[in-house]
Each structure stands twice: as structure tokens, then as C-alpha cells.
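Visitor: upload00.csv is the file, holding CSV, C-alpha atoms:
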```csv
chain,number,residue,atom,x,y,z
M,184,MET,CA,-4.5,-17.2,-0.8
M,185,GLN,CA,-5.2,-14.7,2.1
M,186,ASN,CA,-8.6,-16.0,3.4
M,187,SER,CA,-8.6,-15.6,7.2
M,188,VAL,CA,-9.3,-12.8,9.6
M,189,SER,CA,-5.6,-12.6,10.4
M,190,ASN,CA,-4.7,-12.5,6.8
M,191,PRO,CA,-7.3,-10.5,4.9
M,192,ARG,CA,-7.3,-10.5,1.1
M,193,LEU,CA,-5.1,-7.5,0.2
M,194,LEU,CA,-4.1,-6.3,-3.2
M,195,VAL,CA,-1.1,-4.1,-4.0
M,196,VAL,CA,-1.6,-1.7,-6.8
M,197,GLN,CA,1.9,-0.9,-8.1
M,198,THR,CA,2.4,2.6,-9.7
M,199,GLY,CA,6.1,2.5,-10.6
M,200,THR,CA,9.3,0.5,-10.2
M,201,THR,CA,12.6,0.5,-8.4
M,202,HIS,CA,15.7,-1.7,-8.6
M,203,LEU,CA,16.1,-1.6,-4.8
M,204,HIS,CA,15.2,-4.5,-2.5
M,205,GLY,CA,13.1,-6.4,-5.0
M,206,ASP,CA,10.7,-3.6,-6.1
M,207,TYR,CA,7.8,-1.8,-4.3
M,208,PRO,CA,5.4,-4.8,-3.8
M,209,ARG,CA,8.2,-6.8,-2.1
M,210,TRP,CA,8.5,-4.0,0.5
M,211,PHE,CA,4.9,-4.4,1.6
M,212,GLU,CA,5.2,-8.2,1.6
M,213,ARG,CA,8.3,-8.0,3.8
M,214,THR,CA,6.6,-5.7,6.3
M,215,LEU,CA,3.3,-7.6,6.4
M,216,GLY,CA,5.0,-11.0,6.3
M,217,THR,CA,2.9,-12.5,3.6
M,218,PRO,CA,2.8,-12.8,-0.3
M,219,LEU,CA,0.5,-10.2,-1.9
M,220,PRO,CA,-1.1,-10.2,-5.3
M,221,VAL,CA,-0.1,-7.3,-7.5
M,222,SER,CA,-1.8,-5.2,-10.1
M,223,ARG,CA,0.8,-3.3,-12.2
M,224,ALA,CA,-1.1,-0.1,-13.0
M,225,HIS,CA,2.0,1.6,-14.3
M,226,GLU,CA,2.2,-1.1,-17.0
M,227,GLY,CA,-1.4,-0.7,-18.1
M,228,GLU,CA,-3.0,-3.4,-16.0
M,229,LYS,CA,-6.6,-2.4,-15.2
M,230,LEU,CA,-7.9,-2.4,-11.7
M,231,ALA,CA,-11.2,-4.1,-12.6
M,232,ALA,CA,-9.3,-7.2,-13.7
M,233,ALA,CA,-7.4,-7.4,-10.4
M,234,LEU,CA,-10.6,-6.9,-8.4
M,235,GLU,CA,-12.2,-9.8,-10.2
M,236,ARG,CA,-9.2,-12.0,-9.7
M,237,VAL,CA,-8.4,-11.2,-6.1
M,238,ARG,CA,-11.7,-9.8,-4.7
M,239,PRO,CA,-9.7,-7.8,-2.1
M,240,GLN,CA,-10.9,-6.6,1.2
M,241,GLY,CA,-8.2,-4.0,1.1
M,242,ILE,CA,-6.0,-2.2,-1.5
M,243,ILE,CA,-2.6,-0.7,-0.9
M,244,VAL,CA,-1.4,1.8,-3.6
M,245,THR,CA,2.4,2.1,-3.7
M,246,GLY,CA,4.9,4.9,-4.1
M,247,SER,CA,6.5,5.6,-7.4
M,248,PRO,CA,9.3,7.6,-9.0
M,249,LEU,CA,6.6,9.1,-11.2
M,250,SER,CA,4.7,12.3,-10.4
M,251,VAL,CA,0.9,12.6,-10.0
M,252,MET,CA,1.4,16.0,-11.6
M,253,ASP,CA,2.0,14.3,-14.9
M,254,GLU,CA,-1.7,13.5,-15.0
M,255,ALA,CA,-1.1,10.5,-17.3
M,256,PRO,CA,-4.4,9.0,-18.4
M,257,TRP,CA,-3.8,5.7,-16.4
M,258,MET,CA,-3.2,7.8,-13.2
M,259,LEU,CA,-6.5,9.7,-13.6
M,260,GLN,CA,-8.4,6.6,-14.3
M,261,LEU,CA,-6.9,4.7,-11.4
M,262,GLY,CA,-7.6,7.4,-9.0
M,263,ALA,CA,-11.2,7.6,-10.0
M,264,ASP,CA,-11.5,3.8,-9.9
M,265,LEU,CA,-10.0,3.6,-6.4
M,266,LEU,CA,-12.5,6.2,-5.0
M,267,GLU,CA,-15.3,4.2,-6.5
M,268,VAL,CA,-14.1,1.0,-5.0
M,269,GLY,CA,-13.7,2.6,-1.7
M,270,ALA,CA,-17.2,4.0,-1.8
M,271,ARG,CA,-18.4,0.4,-2.3
M,272,GLY,CA,-16.8,-0.6,1.0
M,273,THR,CA,-13.2,-1.8,0.2
M,274,GLN,CA,-10.5,-0.4,2.4
M,275,ILE,CA,-8.0,1.8,0.4
M,276,LEU,CA,-4.6,3.0,1.6
M,277,GLY,CA,-2.5,5.3,-0.6
M,278,VAL,CA,1.2,5.5,0.3
M,279,CYS,CA,3.3,8.4,-1.0
M,280,PHE,CA,2.4,8.6,-4.7
M,281,GLY,CA,-0.7,6.6,-3.8
M,282,HIS,CA,-1.6,9.2,-1.2
M,283,GLN,CA,-1.2,12.0,-3.7
M,284,LEU,CA,-3.1,10.1,-6.3
M,285,LEU,CA,-6.1,9.7,-4.0
M,286,ALA,CA,-6.0,13.4,-3.1
M,287,ARG,CA,-5.9,14.4,-6.8
M,288,ALA,CA,-8.8,12.1,-7.6
M,289,ALA,CA,-10.8,13.7,-4.8
M,290,SER,CA,-10.2,17.2,-6.3
M,291,GLY,CA,-7.3,18.1,-4.0
M,292,GLY,CA,-4.0,19.5,-5.2
M,293,VAL,CA,-0.5,18.0,-5.7
M,294,VAL,CA,2.5,20.3,-6.0
M,295,LEU,CA,6.3,20.2,-6.0
M,296,ASN,CA,6.9,20.8,-2.4
M,297,PRO,CA,8.2,24.4,-2.0
M,298,ARG,CA,10.0,23.3,1.2
M,299,GLY,CA,12.1,20.9,-0.8
M,300,ARG,CA,12.7,17.2,-0.6
M,301,GLU,CA,12.0,15.3,2.5
M,302,ILE,CA,14.1,12.2,3.0
M,303,GLY,CA,15.1,10.1,6.1
M,304,THR,CA,13.7,9.3,9.4
M,305,VAL,CA,11.4,12.2,10.4
M,306,ARG,CA,8.8,13.1,12.9
M,307,VAL,CA,5.1,13.9,12.2
M,308,ARG,CA,2.6,15.3,14.6
M,309,LEU,CA,-0.8,13.6,14.8
M,310,THR,CA,-4.0,15.7,15.0
M,311,ALA,CA,-6.7,14.9,17.4
M,312,ALA,CA,-8.4,13.0,14.6
M,313,GLY,CA,-5.2,11.2,13.8
M,314,ARG,CA,-4.8,10.0,17.4
M,315,ARG,CA,-8.3,8.5,17.2
M,316,ASP,CA,-7.9,7.1,13.7
M,317,PRO,CA,-7.7,3.3,13.4
M,318,LEU,CA,-4.5,3.6,11.4
M,319,PHE,CA,-2.7,5.2,14.4
M,320,ALA,CA,-4.8,4.6,17.5
M,321,ASN,CA,-3.3,1.2,18.6
M,322,TRP,CA,0.4,1.9,18.2
M,323,ALA,CA,1.2,5.7,18.3
M,324,GLU,CA,2.5,6.9,21.6
M,325,GLY,CA,1.6,10.5,22.0
M,326,ASP,CA,1.3,13.2,19.4
M,327,LEU,CA,4.7,12.8,17.7
M,328,VAL,CA,5.5,9.6,15.7
M,329,GLU,CA,8.7,8.8,13.8
M,330,VAL,CA,8.3,7.6,10.2
M,331,GLN,CA,10.5,6.9,7.2
M,332,ALA,CA,10.0,9.4,4.4
M,333,THR,CA,11.2,10.2,0.8
M,334,HIS,CA,9.3,12.5,-1.5
M,335,MET,CA,9.4,15.7,-3.4
M,336,ASP,CA,5.7,16.3,-4.3
M,337,ALA,CA,3.1,17.0,-1.6
M,338,VAL,CA,-0.7,17.3,-1.3
M,339,ASP,CA,-1.8,20.9,-1.2
M,340,PRO,CA,-4.5,21.7,-0.7
M,341,LEU,CA,-6.3,18.8,0.9
M,342,PRO,CA,-9.5,17.7,-0.9
M,343,GLU,CA,-12.6,19.4,0.5
M,344,GLY,CA,-14.0,17.4,3.3
M,345,ALA,CA,-10.8,15.4,4.0
M,346,THR,CA,-9.7,15.0,7.6
M,347,LEU,CA,-6.1,15.8,8.3
M,348,LEU,CA,-4.5,13.1,10.4
M,349,ALA,CA,-0.8,14.1,10.6
M,350,SER,CA,1.6,16.9,9.5
M,351,ASN,CA,5.0,18.3,10.0
M,352,GLU,CA,7.0,21.4,9.1
M,353,ASN,CA,8.0,20.0,5.7
M,354,CYS,CA,4.6,18.7,4.6
M,355,ALA,CA,1.3,19.9,6.0
M,356,ALA,CA,-0.5,16.8,4.7
M,357,GLN,CA,1.4,13.8,6.0
M,358,ALA,CA,-1.8,11.7,6.4
M,359,PHE,CA,-5.4,12.3,5.7
M,360,ARG,CA,-8.7,10.4,5.6
M,361,LEU,CA,-11.3,10.9,2.9
M,362,SER,CA,-13.9,8.5,4.3
M,363,GLU,CA,-14.2,5.4,6.6
M,364,THR,CA,-12.6,3.4,3.8
M,365,VAL,CA,-10.1,5.7,2.0
M,366,ALA,CA,-7.0,7.2,3.5
M,367,GLY,CA,-3.5,8.2,2.5
M,368,VAL,CA,-0.1,8.6,4.1
M,369,GLN,CA,2.8,10.6,2.6
M,370,PHE,CA,5.4,8.7,4.5
M,371,HIS,CA,6.4,5.0,3.9
M,372,PRO,CA,5.3,2.6,6.6
M,373,GLU,CA,6.7,-0.3,4.6
M,374,LEU,CA,10.3,1.0,4.7
M,375,TRP,CA,12.9,-0.4,7.1
M,376,PRO,CA,16.3,1.3,7.9
M,377,GLU,CA,18.5,-0.6,5.4
M,378,ALA,CA,16.2,0.1,2.5
M,379,LEU,CA,15.9,3.8,3.4
M,380,ARG,CA,19.6,4.1,3.7
M,381,ASP,CA,20.0,2.6,0.3
M,382,LEU,CA,17.4,4.9,-1.1
M,383,ILE,CA,19.3,7.9,0.3
M,384,LEU,CA,22.6,6.7,-1.2
M,385,SER,CA,20.9,6.1,-4.6
M,386,ARG,CA,20.0,9.8,-4.6
M,387,LYS,CA,23.4,10.9,-3.4
M,388,ASP,CA,24.3,13.1,-6.4
M,389,LYS,CA,20.9,14.9,-6.3
M,390,LEU,CA,21.1,15.4,-2.5
M,391,LEU,CA,24.6,16.8,-2.8
M,392,ALA,CA,23.4,19.2,-5.5
M,393,GLU,CA,20.7,20.3,-3.1
M,394,GLY,CA,23.3,21.0,-0.4
M,395,ARG,CA,22.3,18.1,1.8
M,396,ASP,CA,24.7,16.2,4.1
M,397,VAL,CA,24.2,12.6,2.8
M,398,GLY,CA,26.3,11.1,5.5
M,399,ALA,CA,24.3,12.8,8.2
M,400,LEU,CA,21.0,11.7,6.6
M,401,VAL,CA,22.2,8.1,6.4
M,402,ALA,CA,23.5,8.1,10.0
M,403,ALA,CA,20.2,9.5,11.3
M,404,VAL,CA,18.1,6.7,9.9
M,405,HIS,CA,16.8,4.2,12.5
M,406,GLU,CA,14.1,1.8,13.3
M,407,VAL,CA,10.6,3.2,13.8
M,408,LYS,CA,7.2,1.7,14.8
M,409,ALA,CA,5.3,3.0,11.8
M,410,SER,CA,5.2,-0.4,10.1
M,411,ALA,CA,2.4,-1.0,12.6
M,412,LEU,CA,0.2,1.2,10.5
M,413,LEU,CA,0.1,-1.4,7.7
M,414,HIS,CA,-0.9,-4.1,10.2
M,415,ALA,CA,-3.6,-1.7,11.4
M,416,PHE,CA,-4.8,-1.3,7.9
M,417,ALA,CA,-4.9,-5.1,7.4
M,418,ALA,CA,-7.0,-5.4,10.5
M,419,GLN,CA,-9.4,-2.8,9.1
M,420,ALA,CA,-9.6,-4.7,5.9
M,421,ALA,CA,-10.2,-8.0,7.7
M,422,GLN,CA,-13.4,-6.5,9.1
M,423,ALA,CA,-14.7,-5.4,5.7
```
Could you rewrite the structure in this file as C-alpha cells?
Guide:
Amino acid sequence: MQNSVSNPRLLVVQTGTTHLHGDYPRWFERTLGTPLPVSRAHEGEKLAAALERVRPQGIIVTGSPLSVMDEAPWMLQLGADLLEVGARGTQILGVCFGHQLLARAASGGVVLNPRGREIGTVRVRLTAAGRRDPLFANWAEGDLVEVQATHMDAVDPLPEGATLLASNENCAAQAFRLSETVAGVQFHPELWPEALRDLILSRKDKLLAEGRDVGALVAAVHEVKASALLHAFAAQAAQA
């Protein structure tokens, strides 16, 4: 059980599944270097039960092949529950689908990105607030940071009162903060190069149909420092 300052009690809320590299929770475990309890929201598991079982200091909400725009009842309930838990002092980090879920729950918008799919190793630009934010402040070097990305939906517009932390030409809301305890990132700090290359190859037919150069996308994938964001989040949670 995670019970020290260096290993805060973290809960992974899973919102979908993949056959690649052991499924989404395993990606976070690999990056953080520790086993993590999981609540499988996409299978109907309720957040309240996991909160009672784990009593987490921090919650990570995963990506998903599903779309927040489907507005399934479990998605709407989960989003509202997460905002409530965050308001009580638990650190919440939404990743990709999770980022969009939090935005939607806070009355922001989620759309099919009119600029098309973003996939591969990409750059995002931090805002002044992003450079100061505890998720980025201790590892980002300068305004531009490289991250691993794969998504088709995007947050637009941001929820009222949200602070923009990062953006790029494909997606204006690459990261935002709703409060001292609730934030989201569109990109994937848990992904490593091998996994991202396999994700690209798993979408080969769709990418070719979109006119993308799959070989070039795969070749351009490389190691980035953005996994440090998850460690920064864990450090925040440890102080909760």
C-alpha cells in the first residue's frame, strides 16, 4: 500500500481499455514505478467505493478509446463526482479523455478537433501560468516542451474560470487547471516511445486514409521528459 510521502496513495480511474502494453493502468504504473489501485469506471465501478477502499490523496483519470461527447450516464456522473472530490481537497489529474471529462463536467466544451487527429511526439507551449504551475515548474525547460500525444477530440471552449497552462497549433487546450486540486492534460505523460509507436501502427489504416505518413510519424517518436509531470502530480498529492 502506498503510505509514505514519497509514495502517496494514488488511485487510477480507468475509463476505457486497450490491448497494448497491458492496458491503461499499467502505463501509469510503469511510469510511476509502483503498483496502483484501479477503479474501472467504464465497467460500472462507482468512484465512492474506490474512495472508501483506497482513501486516495490523488486520482489519475485515464485516456480512453471512447468519446466524452457520447455523454454516457457513467461519464456524466464520474465527471461530477471527480469535481466534488477535488473540491474536498484530493488532487485530481485528467489525462486525454480524463482531461476532456473534467472540462465537460465544469461546463466546458468537447468537440471533434477540426484540425484533425494529433498523434506522435509533439511540442506544446506553456503559458506564463503553465511555467509556474506545480505540474510543470520543476522540469520544463523554457516555454516549449515535447510530449507524447494521440487524440481526436479536444476541449473547446475551456470551462469558465479555467486557467490555460499549455497549447499548440493543433489543440488550444493542451493543459488547464480548474483549481488548486483539479487539472487536466490532453497529452499522455505516461507514454514511452515504444508504446506510442505501437499505438501509431495500430491506427495505420485510419492514418493512411487520412493521408498521413505512418512511417514518418513512427520515425519521429522519441523520448521526452514529460513523464516528470506524473511525478510532480504525485508530489502534490503527497502534500494533501
Visitor: Can you tell me which residues surround segment 306-313 of chain M at a distance of at most 10 Å, considering all atoms listed in the file, apart from same-chain residues fewer than 5 positions away, and format the answer as a PyMOL selection string?
Guide: chain M and resi 318-320+323+325-332+346-360+370
Visitor: Please provide the set of residues having any atom within 8 Å of Leu295 of chain M, restricted to all atoms listed in the file, with same-chain residues fewer than 3 positions apart removed, written as a list in words.
Guide: Gly299, Met335, Asp336 and Ala337 of chain M
Visitor: Just checking: using only C-alpha atoms, which residue out of M:Ala270, M:Leu276, M:Leu413, M:Ala421 ends up closest to Val368 of chain M?
Guide: M:Leu276
Visitor: How many Å separate atom CA of Glu373 of chain M from atom CA of Leu230 of chain M?
Guide: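 Calculated distance between atom CA of Glu373 of chain M and atom CA of Leu230 of chain M is 22.0 Å.
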Visitor: Between M:Val338, M:Ile302, M:Leu284, M:Ala402, which is the closest to Ile383 of chain M once you count all atoms listed in the file?
Guide: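 Of M:Val338, M:Ile302, M:Leu284, M:Ala402, the one nearest Ile383 of chain M is M:Ile302, counting all atoms listed in the file.
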Visitor: With 10 Å as the threshold, what does the neighbourhood of (2.3, 0.1, 2.5) contain in terms of residues, counting all atoms listed in the file? Coordinates are those of the file; answer as a PyMOL selection string.
Guide: chain M and resi 195+207-208+210-212+214-215+242-246+276-279+281+367-368+370-374+410+412-414+416
Visitor: Just to confirm, what's the straight-line distance from atom CA of Gly216 of chain M to atom CA of Leu193 of chain M in Å (one decimal)?
Guide: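 Rounded to one decimal, the two atoms are 12.3 Å apart.
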Visitor: Could you work out how far atom CA of Arg315 of chain M lies from atom CA of Glu406 of chain M, giving the answer in Å with one decimal?
Guide: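 Interatomic distance, atom CA of Glu406 of chain M to atom CA of Arg315 of chain M: 23.7 Å.
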Visitor: Identify which of the residues M:Trp375, M:Ala288, M:Val401, M:Gly227 lies closest to Lys387 of chain M, counting only C-alpha atoms when measuring atom-to-atom distances.
Guide: M:Val401
Visitor: Please determine, counting all atoms listed in the file, which residue among M:Pro376, M:Gly272, M:Pro297, M:Gly262 has the shortest atom-to-atom distance to Lys408 of chain M.
Guide: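 Residue with the minimum atom-to-atom distance to Lys408 of chain M: M:Pro376.
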Visitor: Using all atoms listed in the file, determine which residues lie at most 12 Å from Gln260 of chain M, disregarding the query and same-chain residues fewer than 6 positions distant; provide the list as a PyMOL selection string.
Guide: chain M and resi 224-225+227-231+251+254+266-267+284-285+287-288
Visitor: Gly269 of chain M: which residues within 7 Å, counting only C-alpha atoms, same-chain residues fewer than 5 positions away excluded, as a list in words?
Guide: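 Result of the neighbour search: Gln274, Ile275, Thr364 and Val365 of chain M.
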Visitor: Is there a way to complete segment 340-355 of chain M with N, CA, C and O atoms and then write that out as a short mmCIF file (atom, residue, chain, number, x, y, z; two decimals), keeping the file's coordinate frame?
Guide:
```
data_model
loop_
_atom_site.label_atom_id
_atom_site.label_comp_id
_atom_site.auth_asym_id
_atom_site.auth_seq_id
_atom_site.Cartn_x
_atom_site.Cartn_y
_atom_site.Cartn_z
N PRO M 340 -3.86 21.88 -2.02
CA PRO M 340 -4.50 21.70 -0.70
C PRO M 340 -5.12 20.32 -0.58
O PRO M 340 -5.21 19.56 -1.55
N LEU M 341 -5.56 20.01 0.64
CA LEU M 341 -6.30 18.80 0.90
C LEU M 341 -7.63 18.84 0.10
O LEU M 341 -8.19 19.92 -0.13
N PRO M 342 -8.16 17.69 -0.29
CA PRO M 342 -9.50 17.70 -0.90
C PRO M 342 -10.52 18.24 0.11
O PRO M 342 -10.38 18.07 1.32
N GLU M 343 -11.53 18.88 -0.40
CA GLU M 343 -12.60 19.40 0.50
C GLU M 343 -13.23 18.25 1.22
O GLU M 343 -13.58 17.21 0.65
N GLY M 344 -13.38 18.44 2.51
CA GLY M 344 -14.00 17.40 3.30
C GLY M 344 -13.06 16.38 3.88
O GLY M 344 -13.45 15.55 4.72
N ALA M 345 -11.78 16.39 3.45
CA ALA M 345 -10.80 15.40 4.00
C ALA M 345 -10.47 15.79 5.42
O ALA M 345 -10.46 16.96 5.81
N THR M 346 -10.15 14.78 6.21
CA THR M 346 -9.70 15.00 7.60
C THR M 346 -8.23 14.82 7.69
O THR M 346 -7.67 13.77 7.33
N LEU M 347 -7.55 15.86 8.17
CA LEU M 347 -6.10 15.80 8.30
C LEU M 347 -5.77 14.93 9.55
O LEU M 347 -6.31 15.13 10.65
N LEU M 348 -4.85 13.97 9.36
CA LEU M 348 -4.50 13.10 10.40
C LEU M 348 -3.08 13.35 10.98
O LEU M 348 -2.81 13.09 12.16
N ALA M 349 -2.17 13.87 10.13
CA ALA M 349 -0.80 14.10 10.60
C ALA M 349 -0.14 15.14 9.67
O ALA M 349 -0.47 15.25 8.49
N SER M 350 0.82 15.89 10.23
CA SER M 350 1.60 16.90 9.50
C SER M 350 2.91 17.11 10.12
O SER M 350 3.19 16.62 11.21
N ASN M 351 3.79 17.83 9.42
CA ASN M 351 5.00 18.30 10.00
C ASN M 351 5.45 19.60 9.29
O ASN M 351 4.74 20.09 8.41
N GLU M 352 6.61 20.13 9.66
CA GLU M 352 7.00 21.40 9.10
C GLU M 352 7.36 21.36 7.63
O GLU M 352 7.31 22.36 6.93
N ASN M 353 7.70 20.17 7.12
CA ASN M 353 8.00 20.00 5.70
C ASN M 353 6.76 19.84 4.86
O ASN M 353 6.68 20.34 3.73
N CYS M 354 5.79 19.14 5.40
CA CYS M 354 4.60 18.70 4.60
C CYS M 354 3.38 18.77 5.47
O CYS M 354 3.24 17.98 6.41
N ALA M 355 2.48 19.68 5.15
CA ALA M 355 1.30 19.90 6.00
C ALA M 355 0.37 18.65 5.95
O ALA M 355 -0.32 18.37 6.94
#
```
